[in-house]
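Here's the structure we're looking at; comments come further down.
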Amino acid sequence: NAGVTQTPKFQVLKTGQSMTLQCAQDMNHEYMSWYRQDPGMGLRLIHYSVGAGITDQGEVPNGYNVSRSTTEDFPLRLLSAAPSQTSVYFCASSYGTSGGGSDTQYFGPGTRLTVL
Amino acid sequence: KNQVEQSPQSLIILEGKNCTLQCNYTVSPFSNLRWYKQDTGRGPVSLTIMTFSENTKSNGRYTATLDADTKQSSLHITASQLSDSASYICVVSSTDSWGKLQFGAGTQVVVTP
């Protein structure tokens, strides 16, 4: 199993540009989520999905869109990039819900995004 | 205000020594508490997951403890190795916030020869 994969590893955007961060998992996990990690702060939840066709907002959803058309893929779209979105983005997946359950959460390697 | 506070922010220890990291949380109602290890430039990796009824859980040289009454947890690293140099993150989930975990900012551990 490849686990959770993310592309690209690095990206530089100009303010106002849009792009999609890709995330895929091959473990047949229902639950997938996107986080951003900024220096000195804990990971913050952007959006999450509990299955194909179902998504919901996390703590910091503004400026980001998601969709979940298949169990395997959960892309994150930046609509109009801003310097405040400079961060490291992590995708994660788990078999069940990470909220009430005790399922192990698997993270991807991250995408380091810089917005100029 | 962050509902998960970790201390210290960073520490340096000699190879072979032990260390203990602390996590205090206010998340309620409590579901489970996790400790992750994050190497530089990589995603977090799960070390332990503890539910309300568990007081301690080990994973090799890592031992986590949980006191749900005082809302405190610790992660003890025994006989540290150079490969233990990483950020250690405490994560708490609530039965009220389905699917949403609260992350601490992490403790940066540096193990020196």
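Going through the structure tokens in order, the chains are called A, B, and so on, while each chain numbers its residues from 1 and the ligands are numbered from 1 in the order shown.
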
Practice item. Excluding Gln6 (chain B) and residues on its chain fewer than 3 positions from it, collect all residues at most 9 Å away from it, counting only C-alpha atoms, and give them as JSON, numbers by chain. Key: {"B": [9, 21, 22, 23, 24, 25, 89, 90, 104, 105, 106, 107]}

Review point. Residues at most 12 Å from Val109 (chain B), counting only C-alpha atoms, excluding those fewer than 5 positions away in the same chain, as number ranges by chain?
Key: B: 7-15, 18-21, 37-40, 75-77, 80-89

Now that the selection is made, can you save its residues with N, CA, C and O atoms as a compact mmCIF listing (two decimals), in the first residue's frame?
# COMPACT_ATOMS: atom_id res chain seq x y z
N SER B 7 3.82 21.34 27.06
CA SER B 7 5.03 21.91 27.63
C SER B 7 6.08 20.81 27.79
O SER B 7 5.72 19.63 27.95
N PRO B 8 7.37 21.15 27.74
CA PRO B 8 7.85 22.48 27.32
C PRO B 8 7.68 22.67 25.82
O PRO B 8 7.30 21.73 25.11
N GLN B 9 7.98 23.85 25.33
CA GLN B 9 7.94 24.10 23.89
C GLN B 9 9.03 23.30 23.19
O GLN B 9 8.84 22.80 22.08
N SER B 10 10.20 23.24 23.84
CA SER B 10 11.31 22.50 23.26
C SER B 10 12.22 22.02 24.38
O SER B 10 12.20 22.57 25.48
N LEU B 11 12.98 20.98 24.09
CA LEU B 11 13.97 20.52 25.04
C LEU B 11 15.08 19.79 24.32
O LEU B 11 14.87 19.22 23.24
N ILE B 12 16.25 19.83 24.94
CA ILE B 12 17.43 19.15 24.41
C ILE B 12 17.86 18.13 25.45
O ILE B 12 17.98 18.44 26.63
N ILE B 13 18.05 16.89 25.02
CA ILE B 13 18.47 15.83 25.94
C ILE B 13 19.64 15.06 25.33
O ILE B 13 19.80 15.01 24.10
N LEU B 14 20.43 14.47 26.22
CA LEU B 14 21.56 13.65 25.78
C LEU B 14 21.07 12.26 25.40
O LEU B 14 20.16 11.70 26.03
N GLU B 15 21.67 11.73 24.39
CA GLU B 15 21.36 10.37 23.94
C GLU B 15 21.47 9.41 25.13
O GLU B 15 22.42 9.47 25.92
N ASN B 18 16.37 9.85 29.66
CA ASN B 18 14.91 9.83 29.58
C ASN B 18 14.37 11.24 29.60
O ASN B 18 15.02 12.18 30.06
N CYS B 19 13.15 11.41 29.09
CA CYS B 19 12.48 12.71 29.19
C CYS B 19 10.98 12.52 29.23
O CYS B 19 10.46 11.47 28.81
N THR B 20 10.29 13.54 29.75
CA THR B 20 8.84 13.48 29.86
C THR B 20 8.23 14.77 29.30
O THR B 20 8.66 15.87 29.66
N LEU B 21 7.25 14.62 28.43
CA LEU B 21 6.55 15.75 27.83
C LEU B 21 5.15 15.82 28.43
O LEU B 21 4.55 14.79 28.74
N LYS B 37 4.21 11.60 16.59
CA LYS B 37 5.59 12.01 16.36
C LYS B 37 5.68 12.56 14.94
O LYS B 37 5.20 11.92 14.00
N GLN B 38 6.26 13.76 14.83
CA GLN B 38 6.42 14.36 13.51
C GLN B 38 7.89 14.68 13.25
O GLN B 38 8.46 15.59 13.86
N ASP B 39 8.50 13.94 12.35
CA ASP B 39 9.86 14.23 11.92
C ASP B 39 9.84 15.46 11.00
O ASP B 39 8.84 15.73 10.33
N THR B 40 10.95 16.17 10.98
CA THR B 40 11.05 17.39 10.17
C THR B 40 10.73 17.09 8.71
O THR B 40 11.28 16.16 8.12
N LEU B 75 3.96 12.06 27.98
CA LEU B 75 4.63 11.10 27.11
C LEU B 75 6.06 10.96 27.61
O LEU B 75 6.80 11.94 27.67
N HIS B 76 6.43 9.75 28.00
CA HIS B 76 7.75 9.49 28.54
C HIS B 76 8.57 8.75 27.48
O HIS B 76 8.10 7.73 26.94
N ILE B 77 9.75 9.26 27.19
CA ILE B 77 10.66 8.62 26.25
C ILE B 77 11.81 8.03 27.06
O ILE B 77 12.50 8.75 27.79
N SER B 80 16.64 7.61 25.28
CA SER B 80 16.46 8.32 24.02
C SER B 80 17.55 7.97 23.00
O SER B 80 18.71 7.69 23.34
N GLN B 81 17.13 8.00 21.74
CA GLN B 81 18.03 7.76 20.61
C GLN B 81 18.01 8.98 19.69
O GLN B 81 17.07 9.78 19.74
N LEU B 82 19.02 9.09 18.85
CA LEU B 82 19.10 10.24 17.94
C LEU B 82 17.84 10.33 17.07
O LEU B 82 17.38 11.42 16.72
N SER B 83 17.28 9.16 16.74
CA SER B 83 16.09 9.13 15.88
C SER B 83 14.82 9.64 16.59
O SER B 83 13.78 9.82 15.95
N ASP B 84 14.93 9.87 17.89
CA ASP B 84 13.79 10.43 18.63
C ASP B 84 13.67 11.94 18.43
O ASP B 84 12.69 12.55 18.86
N SER B 85 14.67 12.57 17.83
CA SER B 85 14.60 14.00 17.54
C SER B 85 13.44 14.28 16.61
O SER B 85 13.42 13.81 15.47
N ALA B 86 12.46 15.02 17.11
CA ALA B 86 11.23 15.25 16.35
C ALA B 86 10.33 16.17 17.16
O ALA B 86 10.66 16.55 18.29
N SER B 87 9.19 16.52 16.57
CA SER B 87 8.16 17.23 17.31
C SER B 87 7.13 16.21 17.78
O SER B 87 6.73 15.32 17.01
N TYR B 88 6.70 16.32 19.02
CA TYR B 88 5.71 15.39 19.58
C TYR B 88 4.43 16.18 19.85
O TYR B 88 4.43 17.18 20.57
N ILE B 89 3.36 15.69 19.26
CA ILE B 89 2.10 16.44 19.26
C ILE B 89 1.04 15.69 20.03
O ILE B 89 0.84 14.49 19.82

Review point. Hey, what does DSSP flag as strand (DSSP E or B) within chain B? Can you give it to me as a ChimeraX atom specification?
Key: /B:4-7,10-14,19-25,30-38,45-51,56-59,62-67,72-77,86-94,101-103,107-112

Review point. Taking into account only C-alpha atoms, which residue in the set A:Thr70, A:Thr114, A:Gln6, A:Thr104 is nearest to chain B?
Key: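 So, comparing all the options, the nearest one is A:Thr104.
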
Exercise for review: With a cut-off of 7 Å and counting only C-alpha atoms, select all residues of chain B in contact with chain A and give the selection as number ranges by chain.
Suggested key: B: 31-32, 42-46, 49, 93-95, 97-101, 103-106

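Distances from B:Ser28, B:Leu47, B:Val92, B:Arg34 to Asp69 (chain B) were compared using only C-alpha atoms, and the smallest one belongs to B:Ser28.
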
Could you pull the residues within 9 Å of Thr15 (chain A), counting only C-alpha atoms, minus those fewer than 3 positions along the same chain, as an mmCIF file with C-alpha atoms, in the first residue's frame?
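result-v4.cif, written as the output of this step:
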data_model
loop_
_atom_site.group_PDB
_atom_site.id
_atom_site.type_symbol
_atom_site.label_atom_id
_atom_site.label_comp_id
_atom_site.auth_asym_id
_atom_site.auth_seq_id
_atom_site.Cartn_x
_atom_site.Cartn_y
_atom_site.Cartn_z
ATOM 1 C CA SER A 18 -5.961 29.164 -8.043
ATOM 2 C CA SER A 80 -7.868 32.788 -5.096
ATOM 3 C CA ALA A 81 -4.567 32.379 -3.276
ATOM 4 C CA ALA A 82 -3.577 34.904 -0.601
ATOM 5 C CA PRO A 83 -0.278 35.299 1.295
ATOM 6 C CA VAL A 115 1.906 32.513 -1.877
ATOM 7 C CA LEU A 116 3.743 35.642 -3.010
#

Exercise for review: Could you give me, as number ranges by chain, the residues within 12 Å of Thr70 (chain B), counting only C-alpha atoms and dropping anything in the same chain fewer than 2 positions from it?
Suggested key: B: 23-27, 30, 52, 65-68, 72-74

Check your understanding: At what distance in Å, to one decimal, does CA of Gly51 (chain A) lie from CA of Gln11 (chain A)?
Key ->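 CA of Gly51 (chain A) lies at a distance of 27.8 Å from CA of Gln11 (chain A).
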
Check your understanding: Which is closest to Tyr36 (chain B) among B:Ser53, B:Gln3, B:Thr63, B:Thr48, if we use only C-alpha atoms?
Key ->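 Closest residue, counting only C-alpha atoms: B:Thr48.
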
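Nearest residue to Arg68 (chain A), choosing from A:Phe10, A:Glu30, A:Ser87, A:Arg36 and counting only C-alpha atoms: A:Glu30.
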
Review point. Interatomic distance between CA of Leu78 (chain A) and CA of Gly16 (chain A)?
Key: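 These atoms are spaced 9.5 Å apart.
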
Check your understanding: In Å, how far is it from CA of Trp34 (chain A) to CA of Gly63 (chain A)?
Key ->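 The value is 13.2 Å.
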